[in-house]
file input-v7.json (JSON, C-alpha atoms and all ligand atoms)
[["chain", "number", "residue", "atom", "x", "y", "z"],
["R", 1, "MET", "CA", 126.45, 97.07, 107.86],
["R", 2, "THR", "CA", 125.25, 94.02, 106.01],
["R", 3, "SER", "CA", 121.86, 92.76, 107.05],
["R", 4, "ASP", "CA", 120.20, 89.41, 106.50],
["R", 5, "ARG", "CA", 117.60, 90.94, 104.28],
["R", 6, "SER", "CA", 116.20, 89.01, 101.35],
["R", 7, "ALA", "CA", 115.50, 91.05, 98.26],
["R", 8, "GLY", "CA", 112.20, 92.87, 98.46],
["R", 9, "ALA", "CA", 111.44, 91.95, 102.07],
["R", 10, "ARG", "CA", 109.77, 94.76, 103.96],
["R", 11, "VAL", "CA", 109.07, 93.29, 107.38],
["R", 12, "PRO", "CA", 111.97, 91.99, 109.50],
["R", 13, "PRO", "CA", 111.72, 88.63, 111.27],
["R", 14, "GLY", "CA", 109.47, 88.53, 114.32],
["R", 15, "GLN", "CA", 107.72, 91.81, 113.46],
["R", 16, "ARG", "CA", 104.08, 92.46, 112.55],
["R", 17, "VAL", "CA", 102.80, 95.49, 110.69],
["R", 18, "THR", "CA", 100.52, 97.98, 112.40],
["R", 19, "GLU", "CA", 98.60, 100.89, 110.90],
["R", 20, "LYS", "CA", 98.56, 102.59, 114.31],
["R", 21, "PHE", "CA", 101.39, 104.67, 115.69],
["R", 22, "PRO", "CA", 101.93, 103.49, 119.27],
["R", 23, "VAL", "CA", 103.50, 105.91, 121.73],
["R", 24, "LEU", "CA", 106.31, 104.40, 123.79],
["R", 25, "HIS", "CA", 108.71, 106.06, 126.13],
["R", 26, "TYR", "CA", 110.07, 106.13, 129.62],
["R", 27, "GLY", "CA", 108.93, 109.00, 131.84],
["R", 28, "ASN", "CA", 106.90, 112.10, 130.99],
["R", 29, "VAL", "CA", 106.61, 114.10, 127.78],
["R", 30, "PRO", "CA", 108.89, 117.12, 128.28],
["R", 31, "GLY", "CA", 107.66, 120.66, 127.78],
["R", 32, "PHE", "CA", 109.13, 122.94, 125.12],
["R", 33, "ASP", "CA", 110.27, 126.51, 125.73],
["R", 34, "ARG", "CA", 111.32, 127.76, 122.32],
["R", 35, "GLN", "CA", 113.52, 130.55, 123.69],
["R", 36, "ALA", "CA", 115.38, 128.32, 126.15],
["R", 37, "TRP", "CA", 115.66, 125.23, 123.95],
["R", 38, "ASP", "CA", 118.96, 124.44, 122.25],
["R", 39, "PHE", "CA", 120.69, 121.63, 120.42],
["R", 40, "LYS", "CA", 124.39, 120.96, 120.97],
["R", 41, "VAL", "CA", 127.03, 119.04, 119.06],
["R", 42, "PHE", "CA", 129.93, 118.50, 121.44],
["R", 43, "GLY", "CA", 132.61, 116.09, 122.60],
["R", 44, "LEU", "CA", 135.31, 115.25, 120.06],
["R", 45, "VAL", "CA", 134.86, 118.30, 117.86],
["R", 46, "GLU", "CA", 137.23, 121.24, 117.37],
["R", 47, "GLU", "CA", 134.57, 123.76, 118.41],
["R", 48, "PRO", "CA", 131.23, 122.71, 119.91],
["R", 49, "VAL", "CA", 128.15, 124.21, 118.29],
["R", 50, "THR", "CA", 124.84, 125.23, 119.89],
["R", 51, "LEU", "CA", 121.77, 125.77, 117.71],
["R", 52, "SER", "CA", 118.49, 127.43, 118.62],
["R", 53, "TYR", "CA", 115.28, 125.91, 117.27],
["R", 54, "ASP", "CA", 115.01, 128.70, 114.70],
["R", 55, "GLU", "CA", 118.58, 128.09, 113.52],
["R", 56, "LEU", "CA", 117.85, 124.40, 113.15],
["R", 57, "LEU", "CA", 114.74, 125.08, 111.06],
["R", 58, "LYS", "CA", 116.83, 127.22, 108.71],
["R", 59, "LEU", "CA", 119.13, 124.34, 107.81],
["R", 60, "PRO", "CA", 118.34, 122.55, 104.52],
["R", 61, "ALA", "CA", 115.29, 120.34, 105.03],
["R", 62, "THR", "CA", 114.87, 116.78, 103.78],
["R", 63, "ARG", "CA", 111.91, 114.44, 103.61],
["R", 64, "ILE", "CA", 112.38, 110.71, 104.10],
["R", 65, "VAL", "CA", 110.00, 107.78, 103.83],
["R", 66, "ALA", "CA", 111.04, 105.01, 106.18],
["R", 67, "ASP", "CA", 109.82, 101.76, 107.72],
["R", 68, "ILE", "CA", 110.15, 101.76, 111.49],
["R", 69, "HIS", "CA", 110.57, 98.70, 113.66],
["R", 70, "CYS", "CA", 109.98, 98.66, 117.41],
["R", 71, "VAL", "CA", 111.75, 95.99, 119.44],
["R", 72, "THR", "CA", 108.41, 95.11, 121.08],
["R", 73, "GLY", "CA", 107.33, 93.68, 117.71],
["R", 74, "TRP", "CA", 105.43, 96.30, 115.72],
["R", 75, "SER", "CA", 106.57, 97.73, 112.42],
["R", 76, "LYS", "CA", 105.04, 100.64, 110.57],
["R", 77, "LEU", "CA", 105.71, 101.01, 106.87],
["R", 78, "ASP", "CA", 106.18, 104.17, 104.82],
["R", 79, "THR", "CA", 106.32, 106.69, 107.64],
["R", 80, "VAL", "CA", 107.03, 110.20, 106.36],
["R", 81, "TRP", "CA", 109.42, 112.50, 108.21],
["R", 82, "GLU", "CA", 110.85, 115.93, 107.53],
["R", 83, "GLY", "CA", 113.78, 117.60, 109.17],
["R", 84, "VAL", "CA", 117.52, 118.03, 108.83],
["R", 85, "LEU", "CA", 119.80, 115.17, 107.90],
["R", 86, "PHE", "CA", 122.39, 114.38, 110.57],
["R", 87, "GLN", "CA", 124.88, 114.65, 107.67],
["R", 88, "GLU", "CA", 123.84, 118.27, 107.31],
["R", 89, "VAL", "CA", 124.08, 119.19, 111.00],
["R", 90, "ILE", "CA", 127.51, 117.60, 111.38],
["R", 91, "LYS", "CA", 128.86, 119.90, 108.64],
["R", 92, "LEU", "CA", 128.70, 122.68, 111.24],
["R", 93, "VAL", "CA", 131.59, 121.18, 113.23],
["R", 94, "ASP", "CA", 135.05, 119.83, 112.56],
["R", 95, "ILE", "CA", 135.08, 116.28, 113.89],
["R", 96, "LYS", "CA", 138.28, 115.18, 115.61],
["R", 97, "SER", "CA", 139.83, 112.10, 114.02],
["R", 98, "GLN", "CA", 139.38, 109.93, 117.14],
["R", 99, "ALA", "CA", 135.58, 110.32, 117.07],
["R", 100, "GLU", "CA", 133.94, 107.01, 116.14],
["R", 101, "PHE", "CA", 130.84, 106.82, 118.33],
["R", 102, "ALA", "CA", 128.04, 109.14, 119.36],
["R", 103, "MET", "CA", 125.82, 109.47, 122.40],
["R", 104, "VAL", "CA", 122.48, 111.05, 121.61],
["R", 105, "HIS", "CA", 121.21, 113.04, 124.60],
["R", 106, "CYS", "CA", 117.57, 113.90, 125.29],
["R", 107, "ASP", "CA", 115.43, 115.79, 127.76],
["R", 108, "HIS", "CA", 114.82, 113.94, 131.04],
["R", 109, "GLY", "CA", 118.06, 111.94, 130.73],
["R", 110, "TYR", "CA", 117.16, 109.49, 127.94],
["R", 111, "SER", "CA", 120.11, 108.63, 125.74],
["R", 112, "THR", "CA", 121.09, 106.15, 123.07],
["R", 113, "ASN", "CA", 124.45, 105.33, 121.53],
["R", 114, "VAL", "CA", 124.99, 105.01, 117.79],
["R", 115, "PRO", "CA", 128.23, 104.58, 115.84],
["R", 116, "LEU", "CA", 129.10, 107.76, 113.96],
["R", 117, "GLU", "CA", 129.15, 105.93, 110.63],
["R", 118, "VAL", "CA", 125.53, 104.86, 111.16],
["R", 119, "LEU", "CA", 124.46, 108.43, 111.89],
["R", 120, "MET", "CA", 126.23, 109.53, 108.72],
["R", 121, "GLU", "CA", 124.02, 107.35, 106.52],
["R", 122, "ASP", "CA", 121.82, 109.27, 104.12],
["R", 123, "ASP", "CA", 118.52, 108.42, 105.82],
["R", 124, "VAL", "CA", 119.32, 109.53, 109.37],
["R", 125, "LEU", "CA", 117.19, 112.54, 110.16],
["R", 126, "LEU", "CA", 116.70, 115.03, 112.96],
["R", 127, "ALA", "CA", 112.97, 115.31, 112.38],
["R", 128, "TYR", "CA", 110.55, 118.07, 113.32],
["R", 129, "ARG", "CA", 107.63, 117.02, 111.10],
["R", 130, "TYR", "CA", 105.78, 113.73, 110.76],
["R", 131, "ASP", "CA", 103.12, 112.87, 108.18],
["R", 132, "ASP", "CA", 103.05, 116.42, 106.78],
["R", 133, "ALA", "CA", 102.37, 118.03, 110.15],
["R", 134, "PRO", "CA", 104.53, 119.20, 113.05],
["R", 135, "LEU", "CA", 105.63, 116.31, 115.25],
["R", 136, "THR", "CA", 103.25, 115.80, 118.14],
["R", 137, "PRO", "CA", 104.73, 116.16, 121.64],
["R", 138, "GLU", "CA", 104.31, 112.45, 122.43],
["R", 139, "HIS", "CA", 106.18, 111.48, 119.26],
["R", 140, "GLY", "CA", 109.11, 113.75, 120.04],
["R", 141, "TYR", "CA", 108.29, 117.40, 119.32],
["R", 142, "PRO", "CA", 110.22, 119.63, 118.97],
["R", 143, "LEU", "CA", 112.94, 117.33, 117.60],
["R", 144, "ARG", "CA", 113.57, 113.62, 117.34],
["R", 145, "LEU", "CA", 116.19, 111.46, 115.74],
["R", 146, "VAL", "CA", 115.05, 108.93, 113.12],
["R", 147, "VAL", "CA", 117.48, 106.06, 112.46],
["R", 148, "PRO", "CA", 115.47, 103.85, 110.08],
["R", 149, "GLN", "CA", 118.02, 101.03, 109.86],
["R", 150, "ARG", "CA", 117.91, 100.28, 113.60],
["R", 151, "TYR", "CA", 115.22, 99.30, 116.11],
["R", 152, "PHE", "CA", 113.17, 102.32, 117.00],
["R", 153, "TRP", "CA", 114.58, 102.89, 120.51],
["R", 154, "LYS", "CA", 117.63, 104.38, 118.75],
["R", 155, "SER", "CA", 115.26, 107.00, 117.28],
["R", 156, "ALA", "CA", 115.47, 109.23, 120.32],
["R", 157, "LYS", "CA", 112.65, 111.66, 120.99],
["R", 158, "TRP", "CA", 113.14, 115.17, 122.45],
["R", 159, "VAL", "CA", 116.77, 115.24, 121.33],
["R", 160, "ARG", "CA", 118.95, 117.98, 122.76],
["R", 161, "GLY", "CA", 122.42, 117.06, 121.66],
["R", 162, "VAL", "CA", 124.92, 114.68, 120.18],
["R", 163, "GLU", "CA", 128.22, 113.91, 121.89],
["R", 164, "LEU", "CA", 131.02, 112.52, 119.76],
["R", 165, "MET", "CA", 133.25, 109.97, 121.48],
["R", 166, "ALA", "CA", 136.33, 107.85, 120.85],
["R", 167, "GLN", "CA", 135.03, 104.87, 122.85],
["R", 168, "ASP", "CA", 131.55, 103.44, 122.76],
["R", 169, "ARG", "CA", 129.37, 103.97, 125.83],
["R", 170, "LEU", "CA", 125.93, 102.45, 126.43],
["R", 171, "GLY", "CA", 122.76, 104.53, 126.35],
["R", 172, "PHE", "CA", 119.58, 104.24, 128.42],
["R", 173, "TRP", "CA", 118.17, 100.97, 127.05],
["R", 174, "GLU", "CA", 121.54, 99.57, 126.02],
["R", 175, "VAL", "CA", 122.61, 99.66, 129.70],
["R", 176, "ARG", "CA", 119.37, 97.80, 130.52],
["R", 177, "GLY", "CA", 120.09, 94.88, 128.22],
["R", 178, "TYR", "CA", 119.01, 96.01, 124.77],
["R", 179, "HIS", "CA", 121.36, 95.02, 121.97],
["R", 180, "ASN", "CA", 124.07, 97.54, 121.18],
["R", 181, "ASP", "CA", 123.73, 97.21, 117.38],
["R", 182, "ALA", "CA", 119.93, 96.89, 117.12],
["R", 183, "ASP", "CA", 119.69, 95.72, 113.50],
["R", 184, "PRO", "CA", 116.09, 94.49, 113.02],
["R", 185, "TRP", "CA", 117.06, 92.31, 110.06],
["R", 186, "LYS", "CA", 119.42, 90.37, 112.35],
["R", 187, "GLU", "CA", 116.91, 90.45, 115.22],
["R", 188, "GLU", "CA", 119.43, 92.13, 117.47],
["R", 189, "ARG", "CA", 116.85, 92.80, 120.18],
["R", 190, "TYR", "CA", 118.55, 92.03, 123.46],
["R", 191, "ALA", "CA", 122.19, 91.57, 124.38],
["R", 201, "LIG", "N1", 113.62, 110.54, 124.75],
["R", 201, "LIG", "C1", 113.16, 109.30, 124.54],
["R", 201, "LIG", "N2", 113.18, 108.82, 123.28],
["R", 201, "LIG", "C2", 112.71, 107.59, 123.02],
["R", 201, "LIG", "C3", 112.24, 106.76, 124.05],
["R", 201, "LIG", "C4", 112.24, 107.28, 125.39],
["R", 201, "LIG", "O1", 111.86, 106.62, 126.36],
["R", 201, "LIG", "N3", 112.70, 108.57, 125.57],
["R", 201, "LIG", "N4", 111.78, 105.49, 123.76],
["R", 201, "LIG", "C5", 112.26, 104.88, 122.53],
["R", 201, "LIG", "C6", 111.51, 103.71, 122.18],
["R", 201, "LIG", "S1", 111.82, 102.32, 123.12],
["R", 201, "LIG", "C7", 110.67, 103.66, 121.10],
["R", 201, "LIG", "S2", 109.95, 102.21, 120.59],
["R", 201, "LIG", "C8", 110.36, 104.89, 120.34],
["R", 201, "LIG", "C9", 108.87, 105.10, 120.24],
["R", 201, "LIG", "O2", 108.57, 106.24, 119.50],
["R", 201, "LIG", "P1", 107.07, 106.65, 119.31],
["R", 201, "LIG", "O3", 106.48, 106.89, 120.68],
["R", 201, "LIG", "O4", 107.08, 107.89, 118.47],
["R", 201, "LIG", "O5", 106.38, 105.50, 118.62],
["R", 201, "LIG", "O6", 110.93, 106.04, 120.93],
["R", 201, "LIG", "C10", 112.25, 105.87, 121.36],
["R", 201, "LIG", "N5", 112.75, 107.13, 121.74],
["R", 202, "MO", "MO", 110.80, 100.54, 122.04]]
call {"tool": "encode", "arguments": {"input": "input-v7.json", "output": "structure tokens"}}
result
Amino acid sequence: MTSDRSAGARVPPGQRVTEKFPVLHYGNVPGFDRQAWDFKVFGLVEEPVTLSYDELLKLPATRIVADIHCVTGWSKLDTVWEGVLFQEVIKLVDIKSQAEFAMVHCDHGYSTNVPLEVLMEDDVLLAYRYDDAPLTPEHGYPLRLVVPQRYFWKSAKWVRGVELMAQDRLGFWEVRGYHNDADPWKEERYA
């Protein structure tokens, strides 16, 4: 996971900083029914786990400060997120040894694929708060993934589950020509 990042650089090549927080997604903002909502970890695990929203909120919470980089060219520095580290959620299952990749599944069929070792990094968060307030629906409430070291399309909004896999599979934008690795410091925008 080495990146072409010179010491101290904050803004990856080809990006410009914005103070705004653009909203970008395919399709409509899904509704949220707290009683019906669940989050699943499944696939190559010994026993799949299903969490309610209340159970998720009871897991140890973490706050991260991250720079985010959208493939369309905007970056936003020092964004503040709170939620549960992926590292923490994955402790609830026993991962089978063949599992190397993950598919992140969302409401309305959005998905994105991320190698398991990337999700295990210590800044990958399942976030339910942004900027000291609950996430807004258009930014992913009730739950979104934040993967700061990758272009922002990997930070899936309205996340409902993570599927562990032995072989890599392409997610929604990756099928449509976005780069599989998505490292902004290497400008891995399109395949
Ligand atoms: N469920 C879902 N998550 C998604 C998307 C989407 O279409 N659906 N778009 C992605 C893309 S391309 C970007 S740039 C970011 C934008 O997040 P924001 O609207 O909070 O800025 O969400 C990502 N997560
Ligand atoms: Mo994007």
call {"tool": "residues_near_ligand", "arguments": {"input": "input-v7.json", "ligand": "ligand MO 202 (chain R)", "cutoff": "9 Å", "atoms": "only C-alpha atoms and all ligand atoms", "output": "list in words"}}
result
Leu24, His25, His69, Cys70, Val71, Thr72, Gly73, Tyr151, Phe152, Trp153, Lys154 and Trp173 of chain R
call {"tool": "residues_around", "arguments": {"input": "input-v7.json", "residues": "Lys91 in chain R", "least_positions_apart": "2", "cutoff": "12 Å", "atoms": "all atoms listed in the file", "output": "number ranges by chain"}}
result
R: 41, 45, 47-49, 59-60, 84-89, 93-95, 120
call {"tool": "atom_distance", "arguments": {"input": "input-v7.json", "atom1": "CA of Val29 in chain R", "atom2": "CA of Val104 in chain R"}}
result
17.3 Å
call {"tool": "residues_near_ligand", "arguments": {"input": "input-v7.json", "ligand": "ligand LIG 201 (chain R)", "cutoff": "10 Å", "atoms": "all atoms listed in the file", "output": "ChimeraX atom specification"}}
result
/R:20-30,68-76,104-112,130,135-141,143-146,151-160,172-173,178
call {"tool": "closest_residue", "arguments": {"input": "input-v7.json", "among": "R:Glu19, R:Val118, R:Gly171, R:Pro12", "to": "Thr79 in chain R", "atoms": "only C-alpha atoms"}}
result
R:Glu19
call {"tool": "closest_residue", "arguments": {"input": "input-v7.json", "among": "R:Thr18, R:Arg10, R:Leu116, R:Val162", "to": "Leu51 in chain R", "atoms": "only C-alpha atoms"}}
result
R:Val162
call {"tool": "atom_distance", "arguments": {"input": "input-v7.json", "atom1": "CA of Ala66 in chain R", "atom2": "CA of Glu174 in chain R"}}
result
23.1 Å
call {"tool": "residues_near_point", "arguments": {"input": "input-v7.json", "point": "(137.9, 104.1, 119.8)", "cutoff": "9 Å", "atoms": "all atoms listed in the file", "output": "PyMOL selection string"}}
result
chain R and resi 98-101+165-168
call {"tool": "closest_residue", "arguments": {"input": "input-v7.json", "among": "R:Lys186, R:His179, R:Lys58, R:Arg63", "to": "Val124 in chain R", "atoms": "all atoms listed in the file"}}
result
R:Arg63
call {"tool": "closest_residue", "arguments": {"input": "input-v7.json", "among": "R:Glu188, R:Asp38, R:Asp131, R:Asp54", "to": "Arg150 in chain R", "atoms": "only C-alpha atoms"}}
result
R:Glu188
call {"tool": "residues_near_point", "arguments": {"input": "input-v7.json", "point": "(117.8, 96.2, 113.3)", "cutoff": "6 Å", "atoms": "only C-alpha atoms", "output": "ChimeraX atom specification"}}
result
/R:149-151,182-185
call {"tool": "atom_distance", "arguments": {"input": "input-v7.json", "atom1": "CA of Tyr190 in chain R", "atom2": "CA of Val65 in chain R"}}
result
26.6 Å
call {"tool": "closest_residue", "arguments": {"input": "input-v7.json", "among": "R:Leu119, R:Ala7, R:Leu56, R:Ala61", "to": "Lys40 in chain R", "atoms": "all atoms listed in the file"}}
result
R:Leu56
call {"tool": "closest_residue", "arguments": {"input": "input-v7.json", "among": "R:Met103, R:Ser97, R:Ile64, R:Leu77", "to": "Asp123 in chain R", "atoms": "only C-alpha atoms"}}
result
R:Ile64
